[in-house]
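> File name protein_37.tsv; file contents TSV, N, CA and C atoms; full text below.
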```
chain	number	residue	atom	x	y	z
A	1	MET	N	-185.21	-39.06	-106.82
A	1	MET	CA	-185.99	-37.84	-106.63
A	1	MET	C	-186.55	-37.42	-107.99
A	2	GLY	N	-187.83	-37.32	-108.08
A	2	GLY	CA	-188.47	-37.02	-109.36
A	2	GLY	C	-188.51	-35.54	-109.67
A	3	LYS	N	-189.11	-35.23	-110.81
A	3	LYS	CA	-189.22	-33.86	-111.29
A	3	LYS	C	-190.02	-33.00	-110.31
A	4	GLN	N	-191.09	-33.58	-109.75
A	4	GLN	CA	-191.92	-32.82	-108.81
A	4	GLN	C	-191.11	-32.40	-107.58
A	5	MET	N	-190.29	-33.32	-107.07
A	5	MET	CA	-189.45	-33.02	-105.92
A	5	MET	C	-188.46	-31.91	-106.26
A	6	THR	N	-187.86	-31.98	-107.44
A	6	THR	CA	-186.91	-30.97	-107.87
A	6	THR	C	-187.57	-29.60	-107.95
A	7	GLU	N	-188.78	-29.55	-108.51
A	7	GLU	CA	-189.52	-28.29	-108.62
A	7	GLU	C	-189.84	-27.72	-107.24
A	8	MET	N	-190.30	-28.58	-106.32
A	8	MET	CA	-190.63	-28.12	-104.96
A	8	MET	C	-189.38	-27.64	-104.23
A	9	LEU	N	-188.28	-28.33	-104.44
A	9	LEU	CA	-187.04	-27.97	-103.76
A	9	LEU	C	-186.51	-26.60	-104.15
A	10	LYS	N	-186.74	-26.22	-105.42
A	10	LYS	CA	-186.22	-24.94	-105.92
A	10	LYS	C	-186.57	-23.80	-104.99
A	11	GLY	N	-187.80	-23.75	-104.53
A	11	GLY	CA	-188.24	-22.67	-103.67
A	11	GLY	C	-187.75	-22.77	-102.23
A	12	THR	N	-187.34	-23.94	-101.82
A	12	THR	CA	-186.97	-24.13	-100.41
A	12	THR	C	-185.47	-24.31	-100.18
A	13	LEU	N	-184.74	-24.53	-101.26
A	13	LEU	CA	-183.31	-24.84	-101.12
A	13	LEU	C	-182.53	-23.72	-100.42
A	14	GLU	N	-182.89	-22.48	-100.70
A	14	GLU	CA	-182.20	-21.37	-100.05
A	14	GLU	C	-182.36	-21.46	-98.53
A	15	GLY	N	-183.58	-21.70	-98.06
A	15	GLY	CA	-183.83	-21.85	-96.63
A	15	GLY	C	-183.08	-23.03	-96.04
A	16	ILE	N	-183.04	-24.13	-96.78
A	16	ILE	CA	-182.33	-25.33	-96.32
A	16	ILE	C	-180.84	-25.03	-96.15
A	17	VAL	N	-180.26	-24.33	-97.13
A	17	VAL	CA	-178.83	-23.97	-97.05
A	17	VAL	C	-178.58	-23.01	-95.89
A	18	LEU	N	-179.46	-22.04	-95.70
A	18	LEU	CA	-179.31	-21.11	-94.56
A	18	LEU	C	-179.37	-21.89	-93.24
A	19	ALA	N	-180.26	-22.86	-93.18
A	19	ALA	CA	-180.38	-23.69	-91.97
A	19	ALA	C	-179.10	-24.49	-91.72
A	20	LEU	N	-178.50	-25.01	-92.82
A	20	LEU	CA	-177.24	-25.77	-92.67
A	20	LEU	C	-176.11	-24.88	-92.17
A	21	LEU	N	-176.17	-23.58	-92.49
A	21	LEU	CA	-175.11	-22.66	-92.09
A	21	LEU	C	-175.30	-22.08	-90.68
A	22	THR	N	-176.38	-22.47	-90.01
A	22	THR	CA	-176.63	-21.99	-88.66
A	22	THR	C	-175.56	-22.50	-87.71
A	23	GLY	N	-174.81	-21.57	-87.14
A	23	GLY	CA	-173.77	-21.92	-86.17
A	23	GLY	C	-172.60	-22.68	-86.76
A	24	LYS	N	-172.45	-22.63	-88.09
A	24	LYS	CA	-171.38	-23.40	-88.72
A	24	LYS	C	-170.96	-22.73	-90.02
A	25	ALA	N	-169.69	-22.40	-90.14
A	25	ALA	CA	-169.16	-21.88	-91.39
A	25	ALA	C	-168.86	-23.05	-92.32
A	26	ALA	N	-169.08	-22.87	-93.61
A	26	ALA	CA	-168.81	-23.95	-94.56
A	26	ALA	C	-168.51	-23.38	-95.93
A	27	TYR	N	-167.77	-24.13	-96.72
A	27	TYR	CA	-167.50	-23.72	-98.11
A	27	TYR	C	-168.41	-24.55	-99.03
A	28	GLY	N	-168.44	-24.16	-100.30
A	28	GLY	CA	-169.39	-24.73	-101.25
A	28	GLY	C	-169.47	-26.24	-101.28
A	29	TYR	N	-168.33	-26.89	-101.42
A	29	TYR	CA	-168.34	-28.35	-101.53
A	29	TYR	C	-168.87	-28.99	-100.25
A	30	GLU	N	-168.50	-28.40	-99.10
A	30	GLU	CA	-168.99	-28.90	-97.80
A	30	GLU	C	-170.51	-28.82	-97.73
A	31	ILE	N	-171.06	-27.71	-98.24
A	31	ILE	CA	-172.50	-27.51	-98.21
A	31	ILE	C	-173.18	-28.57	-99.09
A	32	THR	N	-172.62	-28.83	-100.26
A	32	THR	CA	-173.16	-29.88	-101.14
A	32	THR	C	-173.13	-31.22	-100.42
A	33	THR	N	-172.03	-31.51	-99.74
A	33	THR	CA	-171.89	-32.77	-99.00
A	33	THR	C	-172.93	-32.87	-97.88
A	34	LEU	N	-173.12	-31.77	-97.15
A	34	LEU	CA	-174.12	-31.75	-96.07
A	34	LEU	C	-175.52	-32.01	-96.62
A	35	LEU	N	-175.83	-31.39	-97.75
A	35	LEU	CA	-177.14	-31.61	-98.38
A	35	LEU	C	-177.32	-33.09	-98.74
A	36	ARG	N	-176.28	-33.68	-99.30
A	36	ARG	CA	-176.36	-35.10	-99.69
A	36	ARG	C	-176.53	-36.00	-98.47
A	37	GLU	N	-175.86	-35.63	-97.37
A	37	GLU	CA	-176.00	-36.40	-96.12
A	37	GLU	C	-177.43	-36.32	-95.59
A	38	GLN	N	-178.11	-35.19	-95.89
A	38	GLN	CA	-179.50	-35.01	-95.45
A	38	GLN	C	-180.48	-35.72	-96.38
A	39	GLY	N	-179.96	-36.36	-97.44
A	39	GLY	CA	-180.82	-37.10	-98.35
A	39	GLY	C	-181.12	-36.39	-99.66
A	40	PHE	N	-180.59	-35.17	-99.83
A	40	PHE	CA	-180.81	-34.44	-101.08
A	40	PHE	C	-179.71	-34.82	-102.08
A	41	THR	N	-179.77	-36.06	-102.52
A	41	THR	CA	-178.66	-36.63	-103.31
A	41	THR	C	-178.64	-36.16	-104.76
A	42	GLU	N	-179.78	-35.68	-105.25
A	42	GLU	CA	-179.87	-35.32	-106.67
A	42	GLU	C	-179.44	-33.88	-106.97
A	43	ILE	N	-179.13	-33.12	-105.94
A	43	ILE	CA	-178.80	-31.71	-106.17
A	43	ILE	C	-177.41	-31.58	-106.78
A	44	ALA	N	-177.35	-30.92	-107.92
A	44	ALA	CA	-176.07	-30.73	-108.61
A	44	ALA	C	-175.25	-29.68	-107.89
A	45	GLU	N	-173.93	-29.87	-107.91
A	45	GLU	CA	-173.03	-28.92	-107.27
A	45	GLU	C	-173.22	-27.51	-107.85
A	46	GLY	N	-173.44	-27.45	-109.16
A	46	GLY	CA	-173.65	-26.16	-109.83
A	46	GLY	C	-174.84	-25.40	-109.27
A	47	THR	N	-175.89	-26.14	-108.91
A	47	THR	CA	-177.09	-25.54	-108.32
A	47	THR	C	-176.74	-24.89	-106.98
A	48	VAL	N	-175.94	-25.59	-106.19
A	48	VAL	CA	-175.54	-25.08	-104.87
A	48	VAL	C	-174.68	-23.83	-105.04
A	49	TYR	N	-173.74	-23.86	-105.97
A	49	TYR	CA	-172.87	-22.69	-106.17
A	49	TYR	C	-173.66	-21.48	-106.65
A	50	ALA	N	-174.63	-21.69	-107.55
A	50	ALA	CA	-175.47	-20.59	-108.03
A	50	ALA	C	-176.28	-20.00	-106.87
A	51	LEU	N	-176.76	-20.86	-105.99
A	51	LEU	CA	-177.53	-20.42	-104.83
A	51	LEU	C	-176.64	-19.62	-103.86
A	52	LEU	N	-175.40	-20.07	-103.68
A	52	LEU	CA	-174.47	-19.36	-102.80
A	52	LEU	C	-174.16	-17.96	-103.33
A	53	VAL	N	-174.05	-17.84	-104.64
A	53	VAL	CA	-173.84	-16.52	-105.26
A	53	VAL	C	-175.04	-15.63	-104.93
A	54	ARG	N	-176.25	-16.21	-105.06
A	54	ARG	CA	-177.48	-15.46	-104.80
A	54	ARG	C	-177.57	-14.99	-103.35
A	55	ILE	N	-177.31	-15.89	-102.39
A	55	ILE	CA	-177.45	-15.49	-100.99
A	55	ILE	C	-176.33	-14.52	-100.57
A	56	GLU	N	-175.19	-14.60	-101.26
A	56	GLU	CA	-174.12	-13.63	-101.01
A	56	GLU	C	-174.55	-12.26	-101.52
A	57	GLN	N	-175.12	-12.21	-102.72
A	57	GLN	CA	-175.59	-10.95	-103.31
A	57	GLN	C	-176.70	-10.32	-102.47
A	58	LYS	N	-177.54	-11.16	-101.86
A	58	LYS	CA	-178.64	-10.67	-101.03
A	58	LYS	C	-178.14	-10.23	-99.64
A	59	GLY	N	-176.86	-10.47	-99.36
A	59	GLY	CA	-176.29	-10.05	-98.08
A	59	GLY	C	-176.69	-10.91	-96.90
A	60	LEU	N	-176.98	-12.19	-97.15
A	60	LEU	CA	-177.43	-13.10	-96.08
A	60	LEU	C	-176.29	-13.85	-95.41
A	61	VAL	N	-175.11	-13.78	-96.01
A	61	VAL	CA	-173.94	-14.49	-95.48
A	61	VAL	C	-172.73	-13.57	-95.50
A	62	ASP	N	-171.81	-13.84	-94.60
A	62	ASP	CA	-170.50	-13.20	-94.65
A	62	ASP	C	-169.58	-14.19	-95.34
A	63	VAL	N	-168.70	-13.69	-96.16
A	63	VAL	CA	-167.81	-14.55	-96.93
A	63	VAL	C	-166.36	-14.21	-96.60
A	64	GLU	N	-165.60	-15.26	-96.35
A	64	GLU	CA	-164.18	-15.09	-96.04
A	64	GLU	C	-163.40	-16.03	-96.95
A	65	LYS	N	-162.34	-15.52	-97.54
A	65	LYS	CA	-161.51	-16.39	-98.38
A	65	LYS	C	-160.43	-17.01	-97.51
A	66	ARG	N	-160.38	-18.33	-97.53
A	66	ARG	CA	-159.37	-19.05	-96.74
A	66	ARG	C	-158.48	-19.85	-97.67
A	67	PRO	N	-157.19	-19.91	-97.36
A	67	PRO	CA	-156.29	-20.67	-98.24
A	67	PRO	C	-156.69	-22.15	-98.29
A	68	SER	N	-156.46	-22.74	-99.44
A	68	SER	CA	-156.78	-24.15	-99.64
A	68	SER	C	-155.46	-24.89	-99.86
A	69	GLU	N	-155.41	-26.16	-99.43
A	69	GLU	CA	-154.16	-26.94	-99.62
A	69	GLU	C	-153.82	-27.03	-101.10
A	70	LYS	N	-154.87	-27.22	-101.90
A	70	LYS	CA	-154.62	-27.27	-103.35
A	70	LYS	C	-155.60	-26.34	-104.06
A	71	GLY	N	-155.10	-25.61	-105.00
A	71	GLY	CA	-155.97	-24.73	-105.77
A	71	GLY	C	-156.15	-23.36	-105.14
A	72	PRO	N	-157.12	-22.59	-105.69
A	72	PRO	CA	-157.34	-21.22	-105.22
A	72	PRO	C	-157.95	-21.19	-103.81
A	73	PRO	N	-157.93	-20.03	-103.16
A	73	PRO	CA	-158.54	-19.94	-101.83
A	73	PRO	C	-160.02	-20.32	-101.88
A	74	ARG	N	-160.52	-20.86	-100.77
A	74	ARG	CA	-161.92	-21.25	-100.70
A	74	ARG	C	-162.73	-20.12	-100.11
A	75	LYS	N	-163.95	-19.95	-100.61
A	75	LYS	CA	-164.88	-18.99	-100.02
A	75	LYS	C	-165.63	-19.72	-98.93
A	76	VAL	N	-165.52	-19.21	-97.71
A	76	VAL	CA	-166.21	-19.82	-96.58
A	76	VAL	C	-167.39	-18.92	-96.21
A	77	TYR	N	-168.56	-19.53	-96.11
A	77	TYR	CA	-169.81	-18.80	-95.87
A	77	TYR	C	-170.24	-18.94	-94.41
A	78	THR	N	-170.65	-17.81	-93.83
A	78	THR	CA	-171.17	-17.80	-92.47
A	78	THR	C	-172.48	-17.01	-92.48
A	79	LEU	N	-173.49	-17.53	-91.83
A	79	LEU	CA	-174.77	-16.85	-91.72
A	79	LEU	C	-174.59	-15.57	-90.90
A	80	ASN	N	-175.10	-14.44	-91.41
A	80	ASN	CA	-175.02	-13.20	-90.64
A	80	ASN	C	-176.41	-12.85	-90.10
A	81	THR	N	-176.54	-11.68	-89.47
A	81	THR	CA	-177.80	-11.28	-88.85
A	81	THR	C	-178.94	-11.24	-89.86
A	82	GLN	N	-178.65	-10.69	-91.03
A	82	GLN	CA	-179.67	-10.61	-92.09
A	82	GLN	C	-180.09	-12.02	-92.53
A	83	GLY	N	-179.12	-12.92	-92.62
A	83	GLY	CA	-179.41	-14.31	-92.98
A	83	GLY	C	-180.24	-15.02	-91.93
A	84	GLU	N	-179.97	-14.71	-90.65
A	84	GLU	CA	-180.75	-15.31	-89.55
A	84	GLU	C	-182.20	-14.84	-89.63
A	85	LYS	N	-182.39	-13.57	-89.95
A	85	LYS	CA	-183.75	-13.02	-90.09
A	85	LYS	C	-184.46	-13.71	-91.25
A	86	GLU	N	-183.76	-13.86	-92.37
A	86	GLU	CA	-184.32	-14.53	-93.55
A	86	GLU	C	-184.69	-15.98	-93.23
A	87	LEU	N	-183.83	-16.65	-92.47
A	87	LEU	CA	-184.08	-18.04	-92.09
A	87	LEU	C	-185.31	-18.13	-91.19
A	88	ASN	N	-185.44	-17.18	-90.27
A	88	ASN	CA	-186.59	-17.14	-89.38
A	88	ASN	C	-187.88	-16.97	-90.19
A	89	ASP	N	-187.84	-16.07	-91.18
A	89	ASP	CA	-189.00	-15.88	-92.08
A	89	ASP	C	-189.31	-17.17	-92.84
A	90	PHE	N	-188.25	-17.85	-93.29
A	90	PHE	CA	-188.41	-19.12	-94.00
A	90	PHE	C	-189.12	-20.15	-93.13
A	91	TRP	N	-188.67	-20.28	-91.85
A	91	TRP	CA	-189.29	-21.26	-90.95
A	91	TRP	C	-190.75	-20.92	-90.71
A	92	ASN	N	-191.07	-19.62	-90.55
A	92	ASN	CA	-192.47	-19.22	-90.34
A	92	ASN	C	-193.32	-19.58	-91.55
A	93	THR	N	-192.80	-19.30	-92.74
A	93	THR	CA	-193.52	-19.62	-93.98
A	93	THR	C	-193.68	-21.13	-94.11
A	94	TRP	N	-192.61	-21.85	-93.81
A	94	TRP	CA	-192.63	-23.31	-93.90
A	94	TRP	C	-193.67	-23.90	-92.95
A	95	SER	N	-193.71	-23.40	-91.72
A	95	SER	CA	-194.68	-23.89	-90.73
A	95	SER	C	-196.10	-23.66	-91.21
A	96	PHE	N	-196.35	-22.46	-91.75
A	96	PHE	CA	-197.68	-22.14	-92.26
A	96	PHE	C	-198.06	-23.08	-93.41
A	97	LEU	N	-197.18	-23.18	-94.41
A	97	LEU	CA	-197.47	-24.01	-95.58
A	97	LEU	C	-197.63	-25.48	-95.23
A	98	SER	N	-196.70	-26.01	-94.43
A	98	SER	CA	-196.78	-27.44	-94.11
A	98	SER	C	-198.04	-27.74	-93.29
A	99	GLY	N	-198.43	-26.80	-92.42
A	99	GLY	CA	-199.66	-26.97	-91.65
A	99	GLY	C	-200.88	-27.01	-92.54
A	100	ARG	N	-200.95	-26.08	-93.50
A	100	ARG	CA	-202.09	-26.03	-94.43
A	100	ARG	C	-202.13	-27.28	-95.30
A	101	ILE	N	-200.97	-27.70	-95.78
A	101	ILE	CA	-200.91	-28.88	-96.65
A	101	ILE	C	-201.35	-30.13	-95.90
A	102	GLU	N	-200.92	-30.27	-94.65
A	102	GLU	CA	-201.33	-31.43	-93.83
A	102	GLU	C	-202.85	-31.43	-93.64
A	103	GLU	N	-203.42	-30.25	-93.38
A	103	GLU	CA	-204.88	-30.13	-93.22
A	103	GLU	C	-205.59	-30.59	-94.48
A	104	LEU	N	-205.09	-30.12	-95.64
A	104	LEU	CA	-205.70	-30.52	-96.91
A	104	LEU	C	-205.64	-32.04	-97.10
A	105	ARG	N	-204.51	-32.62	-96.71
A	105	ARG	CA	-204.34	-34.06	-96.88
A	105	ARG	C	-205.35	-34.81	-95.99
A	106	LYS	N	-205.50	-34.33	-94.74
A	106	LYS	CA	-206.45	-34.98	-93.80
A	106	LYS	C	-207.88	-34.86	-94.32
A	107	GLU	N	-208.22	-33.68	-94.84
A	107	GLU	CA	-209.57	-33.45	-95.36
A	107	GLU	C	-209.85	-34.33	-96.57
A	108	GLY	N	-208.81	-34.66	-97.31
A	108	GLY	CA	-208.97	-35.48	-98.51
A	108	GLY	C	-209.19	-36.94	-98.23
A	109	LYS	N	-209.01	-37.36	-96.99
A	109	LYS	CA	-209.14	-38.79	-96.66
A	109	LYS	C	-210.58	-39.17	-96.37
```
Give the structure from the file, written as structure tokens.

Amino acid sequence: MGKQMTEMLKGTLEGIVLALLTGKAAYGYEITTLLREQGFTEIAEGTVYALLVRIEQKGLVDVEKRPSEKGPPRKVYTLNTQGEKELNDFWNTWSFLSGRIEELRKEGK
């Protein structure tokens, strides 16, 4: 994944993470693993954790501390109503942008 992909991802990663949390609670490492399974292999764990702090501060997720077999309790993230609204806005924006970009690509041929 090149620099251009990384730059484009910055603006969309929050929406992608919210989408991954739809109907599923997950902790930080699980979210990183899910992203990698989706093909986002270059994303650093630190990037995911910083994003989780941001979406928690914005009130888009509910956070529950659950005991871990080893180490400190894990923070488990669940999408809440505000997060669902934000995700819906993200999908609308994504649909608009991807539609316009596809049109531009077709016109360029």
> Would you tabulate, counting all atoms listed in the file, all residues of range 23-76 of chain A that have an atom at most 8 Å from an atom of range 4-19 of chain A, showing the closest pair of atoms and their distance in Å to one decimal, sorted by chain then ascending number, as CSV?

```
residue,atom,partner,partner_atom,distance
A:Gly23,N,A:Ala19,C,6.9
A:Lys24,N,A:Ala19,C,7.8
A:Ile31,CA,A:Val17,CA,7.3
A:Leu35,CA,A:Ile16,C,7.9
A:Leu51,CA,A:Glu14,CA,6.7
A:Leu52,N,A:Glu14,CA,7.8
A:Ile55,CA,A:Glu14,CA,7.6
A:Leu60,C,A:Leu18,CA,7.9
```
> Go ahead and write the selection's residues with N, CA and C atoms as an mmCIF file, keeping the file's coordinate frame.

```cif
data_model
loop_
_atom_site.group_PDB
_atom_site.id
_atom_site.type_symbol
_atom_site.label_atom_id
_atom_site.label_comp_id
_atom_site.auth_asym_id
_atom_site.auth_seq_id
_atom_site.Cartn_x
_atom_site.Cartn_y
_atom_site.Cartn_z
ATOM 1 N N GLY A 23 -174.810 -21.570 -87.140
ATOM 2 C CA GLY A 23 -173.770 -21.920 -86.170
ATOM 3 C C GLY A 23 -172.600 -22.680 -86.760
ATOM 4 N N LYS A 24 -172.450 -22.630 -88.090
ATOM 5 C CA LYS A 24 -171.380 -23.400 -88.720
ATOM 6 C C LYS A 24 -170.960 -22.730 -90.020
ATOM 7 N N ILE A 31 -171.060 -27.710 -98.240
ATOM 8 C CA ILE A 31 -172.500 -27.510 -98.210
ATOM 9 C C ILE A 31 -173.180 -28.570 -99.090
ATOM 10 N N LEU A 35 -175.830 -31.390 -97.750
ATOM 11 C CA LEU A 35 -177.140 -31.610 -98.380
ATOM 12 C C LEU A 35 -177.320 -33.090 -98.740
ATOM 13 N N LEU A 51 -176.760 -20.860 -105.990
ATOM 14 C CA LEU A 51 -177.530 -20.420 -104.830
ATOM 15 C C LEU A 51 -176.640 -19.620 -103.860
ATOM 16 N N LEU A 52 -175.400 -20.070 -103.680
ATOM 17 C CA LEU A 52 -174.470 -19.360 -102.800
ATOM 18 C C LEU A 52 -174.160 -17.960 -103.330
ATOM 19 N N ILE A 55 -177.310 -15.890 -102.390
ATOM 20 C CA ILE A 55 -177.450 -15.490 -100.990
ATOM 21 C C ILE A 55 -176.330 -14.520 -100.570
ATOM 22 N N LEU A 60 -176.980 -12.190 -97.150
ATOM 23 C CA LEU A 60 -177.430 -13.100 -96.080
ATOM 24 C C LEU A 60 -176.290 -13.850 -95.410
#
```
> Just how far from atom N of Val63 in chain A is atom C of Leu79 in chain A, in Å to one decimal?
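For atom C of Leu79 in chain A relative to atom N of Val63 in chain A, the distance reads 8.1 Å.
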> Residues of chain A classed as helix (DSSP H, G or I) by DSSP on the backbone are to be reported as a PyMOL selection string.
chain A and resi 3-20+28-37+45-57+81-107
> Taking the DSSP assignment computed from this structure's backbone, write out as a PyMOL selection string all residues of range 28-82 of chain A that belong to strand (DSSP E or B).
chain A and resi 61-66+74-79
> So that I can check the surroundings of Gly59 in chain A, please list as a ChimeraX atom specification every protein, DNA and RNA residue that reaches within 7 Å of it, counting all atoms listed in the file and ignoring chain neighbours fewer than 2 positions away.
/A:54-57,61-62,80,82-83
> With only C-alpha atoms as the counted atoms, please give the residues lying no more than 9 Å from Gly28 in chain A, apart from itself and same-chain residues fewer than 6 positions off, as a VMD selection string.
chain A and resid 45 48 to 49 52 74 to 77
> Filtering to C-alpha atoms, could range 40-70 of chain A of the supplied structure be written out as a short mmCIF file (atom, residue, chain, number, x, y, z; two decimals), in the first residue's frame?

```cif
data_model
loop_
_atom_site.label_atom_id
_atom_site.label_comp_id
_atom_site.auth_asym_id
_atom_site.auth_seq_id
_atom_site.Cartn_x
_atom_site.Cartn_y
_atom_site.Cartn_z
CA PHE A 40 -5.65 -3.16 5.23
CA THR A 41 -2.36 -4.81 6.13
CA GLU A 42 -0.24 -1.66 6.40
CA ILE A 43 -2.23 -0.03 9.20
CA ALA A 44 -0.17 0.27 12.37
CA GLU A 45 -1.72 -0.81 15.64
CA GLY A 46 -0.90 2.63 17.07
CA THR A 47 -3.03 4.26 14.36
CA VAL A 48 -6.00 2.09 15.33
CA TYR A 49 -5.60 2.85 19.04
CA ALA A 50 -5.38 6.61 18.37
CA LEU A 51 -8.55 6.37 16.28
CA LEU A 52 -10.35 4.43 19.03
CA VAL A 53 -9.47 7.19 21.52
CA ARG A 54 -10.92 9.73 19.06
CA ILE A 55 -14.20 7.89 18.46
CA GLU A 56 -14.57 7.32 22.21
CA GLN A 57 -14.06 11.06 22.86
CA LYS A 58 -16.63 11.88 20.16
CA GLY A 59 -19.13 9.61 21.95
CA LEU A 60 -19.59 7.22 19.00
CA VAL A 61 -18.93 4.04 20.98
CA ASP A 62 -19.74 2.61 24.37
CA VAL A 63 -16.72 1.26 26.20
CA GLU A 64 -16.69 -1.54 28.72
CA LYS A 65 -13.64 -2.82 30.56
CA ARG A 66 -13.49 -6.61 30.57
CA PRO A 67 -10.96 -8.73 32.42
CA SER A 68 -8.17 -10.18 30.33
CA GLU A 69 -6.47 -13.56 30.91
CA LYS A 70 -3.14 -11.78 30.96
#
```
